[in-house]
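Visitor: Structure below; questions to follow.
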Amino acid sequence: MRLSIHAHHLAVPADLPRFLEKHVTRPLARAFDGPAAELEVHLLDARPRRGGVDQECRLSFRIPGARTLHVEAIEDDVHKALLGCADRLKRL
């Protein structure tokens, strides 16, 4: 599975690759694991100067021969947003 990470107005946490492997890519690999599958992770701070609940995560999972799955979550922490997106994506 190919993985691409994009961050806008936000520094990528150092533990992000391990966190994604444990909570997102490994569970998705059980459903579909092929070299043509692609997971895009978009992280952004919706309001960088104001603070609050504005850490947004968007995941797009592309599977060959099937529709692309898109999920998103907004939380006060990047890790919480990633977990919310991962749960939704696993249910889809």
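Naming scheme: A, B, ... for chains in displayed order of the structure tokens; residues 1 onward per chain; ligands 1 onward as shown.
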Write down as a count of residues only the residues of chain A whose backbone DSSP state falls under strand (DSSP E or B).
Guide: 30
Visitor: When DSSP is applied to the backbone of this structure, which of chain A are assigned helix (DSSP H, G or I)? Write them out as a count of residues only.
Guide: 30
Visitor: Write out as an MDAnalysis selection string the residues lying within 10 Å of segment 77-89 of chain A, counting only C-alpha atoms and excluding same-chain residues fewer than 4 positions away.
Guide: chainID A and resid 10 12:13 15:16 19:20 23:25 27:28 41:45 52:61 69:73
Visitor: Could the residues in this selection be written to a file with N, CA and C atoms, as an mmCIF file, in the first residue's frame?
Guide:
data_model
loop_
_atom_site.group_PDB
_atom_site.id
_atom_site.type_symbol
_atom_site.label_atom_id
_atom_site.label_comp_id
_atom_site.auth_asym_id
_atom_site.auth_seq_id
_atom_site.Cartn_x
_atom_site.Cartn_y
_atom_site.Cartn_z
ATOM 1 N N LEU A 10 0.627 23.030 9.751
ATOM 2 C CA LEU A 10 0.776 22.115 10.873
ATOM 3 C C LEU A 10 2.088 21.363 10.740
ATOM 4 N N VAL A 12 4.234 18.109 11.220
ATOM 5 C CA VAL A 12 3.948 16.675 11.316
ATOM 6 C C VAL A 12 4.599 16.131 12.586
ATOM 7 N N PRO A 13 3.816 15.496 13.473
ATOM 8 C CA PRO A 13 4.399 14.921 14.685
ATOM 9 C C PRO A 13 5.440 13.850 14.349
ATOM 10 N N ASP A 15 6.097 11.048 15.780
ATOM 11 C CA ASP A 15 5.630 9.664 15.906
ATOM 12 C C ASP A 15 4.539 9.309 14.894
ATOM 13 N N LEU A 16 4.250 10.183 13.948
ATOM 14 C CA LEU A 16 3.153 9.955 13.009
ATOM 15 C C LEU A 16 3.300 8.685 12.167
ATOM 16 N N PHE A 19 2.409 5.744 14.353
ATOM 17 C CA PHE A 19 0.995 5.838 14.723
ATOM 18 C C PHE A 19 0.108 5.401 13.560
ATOM 19 N N LEU A 20 0.422 5.874 12.349
ATOM 20 C CA LEU A 20 -0.346 5.480 11.169
ATOM 21 C C LEU A 20 -0.235 3.986 10.897
ATOM 22 N N HIS A 23 -2.424 2.154 13.752
ATOM 23 C CA HIS A 23 -3.857 2.404 13.855
ATOM 24 C C HIS A 23 -4.593 2.528 12.523
ATOM 25 N N VAL A 24 -3.857 2.722 11.424
ATOM 26 C CA VAL A 24 -4.552 2.933 10.154
ATOM 27 C C VAL A 24 -4.153 1.896 9.107
ATOM 28 N N THR A 25 -2.890 1.861 8.720
ATOM 29 C CA THR A 25 -2.508 1.008 7.583
ATOM 30 C C THR A 25 -2.581 -0.481 7.902
ATOM 31 N N PRO A 27 -4.654 -2.127 10.083
ATOM 32 C CA PRO A 27 -6.037 -2.623 10.001
ATOM 33 C C PRO A 27 -6.613 -2.596 8.582
ATOM 34 N N LEU A 28 -6.235 -1.595 7.776
ATOM 35 C CA LEU A 28 -6.729 -1.554 6.398
ATOM 36 C C LEU A 28 -6.125 -2.657 5.544
ATOM 37 N N VAL A 41 -3.191 10.932 3.437
ATOM 38 C CA VAL A 41 -3.483 11.537 4.725
ATOM 39 C C VAL A 41 -3.270 13.040 4.588
ATOM 40 N N HIS A 42 -4.311 13.811 4.862
ATOM 41 C CA HIS A 42 -4.223 15.267 4.829
ATOM 42 C C HIS A 42 -4.481 15.779 6.238
ATOM 43 N N LEU A 43 -3.489 16.460 6.806
ATOM 44 C CA LEU A 43 -3.610 17.048 8.131
ATOM 45 C C LEU A 43 -3.546 18.562 7.986
ATOM 46 N N LEU A 44 -4.437 19.260 8.682
ATOM 47 C CA LEU A 44 -4.367 20.709 8.627
ATOM 48 C C LEU A 44 -4.942 21.337 9.881
ATOM 49 N N ASP A 45 -4.458 22.519 10.139
ATOM 50 C CA ASP A 45 -4.959 23.330 11.231
ATOM 51 C C ASP A 45 -5.908 24.334 10.589
ATOM 52 N N GLY A 52 -8.146 26.054 19.686
ATOM 53 C CA GLY A 52 -9.435 25.395 19.846
ATOM 54 C C GLY A 52 -9.512 24.099 19.063
ATOM 55 N N VAL A 53 -10.745 23.643 18.862
ATOM 56 C CA VAL A 53 -11.000 22.384 18.170
ATOM 57 C C VAL A 53 -10.917 22.647 16.672
ATOM 58 N N ASP A 54 -9.714 22.489 16.125
ATOM 59 C CA ASP A 54 -9.556 22.806 14.717
ATOM 60 C C ASP A 54 -8.485 21.977 14.023
ATOM 61 N N GLN A 55 -8.083 20.871 14.602
ATOM 62 C CA GLN A 55 -7.126 19.968 13.960
ATOM 63 C C GLN A 55 -7.928 19.019 13.080
ATOM 64 N N GLU A 56 -7.751 19.152 11.787
ATOM 65 C CA GLU A 56 -8.558 18.399 10.837
ATOM 66 C C GLU A 56 -7.732 17.310 10.171
ATOM 67 N N CYS A 57 -8.353 16.161 9.989
ATOM 68 C CA CYS A 57 -7.720 15.031 9.326
ATOM 69 C C CYS A 57 -8.663 14.529 8.245
ATOM 70 N N ARG A 58 -8.098 14.302 7.060
ATOM 71 C CA ARG A 58 -8.866 13.731 5.954
ATOM 72 C C ARG A 58 -8.094 12.532 5.417
ATOM 73 N N LEU A 59 -8.781 11.413 5.276
ATOM 74 C CA LEU A 59 -8.177 10.209 4.711
ATOM 75 C C LEU A 59 -8.906 9.843 3.428
ATOM 76 N N SER A 60 -8.137 9.506 2.416
ATOM 77 C CA SER A 60 -8.685 9.003 1.151
ATOM 78 C C SER A 60 -8.011 7.673 0.863
ATOM 79 N N PHE A 61 -8.816 6.624 0.737
ATOM 80 C CA PHE A 61 -8.305 5.279 0.499
ATOM 81 C C PHE A 61 -8.771 4.836 -0.878
ATOM 82 N N LEU A 69 -12.711 5.792 -0.957
ATOM 83 C CA LEU A 69 -13.357 6.086 0.318
ATOM 84 C C LEU A 69 -12.740 7.347 0.917
ATOM 85 N N HIS A 70 -13.587 8.306 1.309
ATOM 86 C CA HIS A 70 -13.138 9.550 1.913
ATOM 87 C C HIS A 70 -13.780 9.694 3.287
ATOM 88 N N VAL A 71 -12.980 10.021 4.287
ATOM 89 C CA VAL A 71 -13.491 10.313 5.627
ATOM 90 C C VAL A 71 -12.732 11.516 6.177
ATOM 91 N N GLU A 72 -13.368 12.215 7.123
ATOM 92 C CA GLU A 72 -12.688 13.332 7.762
ATOM 93 C C GLU A 72 -13.197 13.496 9.184
ATOM 94 N N ALA A 73 -12.348 14.116 10.005
ATOM 95 C CA ALA A 73 -12.688 14.368 11.401
ATOM 96 C C ALA A 73 -11.974 15.630 11.850
#
Visitor: Show which residues sit within 12 Å of Gly34 of chain A, as JSON, numbers by chain. Count only C-alpha atoms, and ignore same-chain residues fewer than 5 positions away.
Guide: {"A": [1, 2, 3, 25, 28, 29, 39, 62, 63, 64]}
Visitor: Go ahead and write the selection's residues with C-alpha atoms as a compact mmCIF listing (two decimals), in the first residue's frame.
Guide:
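Generated file (again29.txt):
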# COMPACT_ATOMS: atom_id res chain seq x y z
CA MET A 1 0.00 0.00 0.00
CA ARG A 2 1.30 3.42 -0.93
CA LEU A 3 1.08 6.13 1.72
CA THR A 25 -2.51 1.01 7.58
CA LEU A 28 -6.73 -1.55 6.40
CA ALA A 29 -4.23 -4.11 5.09
CA LEU A 39 -3.86 5.98 1.31
CA ARG A 62 -8.11 4.27 -3.16
CA ILE A 63 -8.66 0.64 -4.05
CA PRO A 64 -8.28 -0.49 -7.68
Visitor: Please measure the separation of atom CA of Ala31 of chain A and atom CA of Ala14 of chain A, giving the value in Å to one decimal.
Guide: 27.2 Å
Visitor: Hey, can you check how far atom CA of Arg26 of chain A sits from atom CA of Thr68 of chain A?
Guide: 18.3 Å
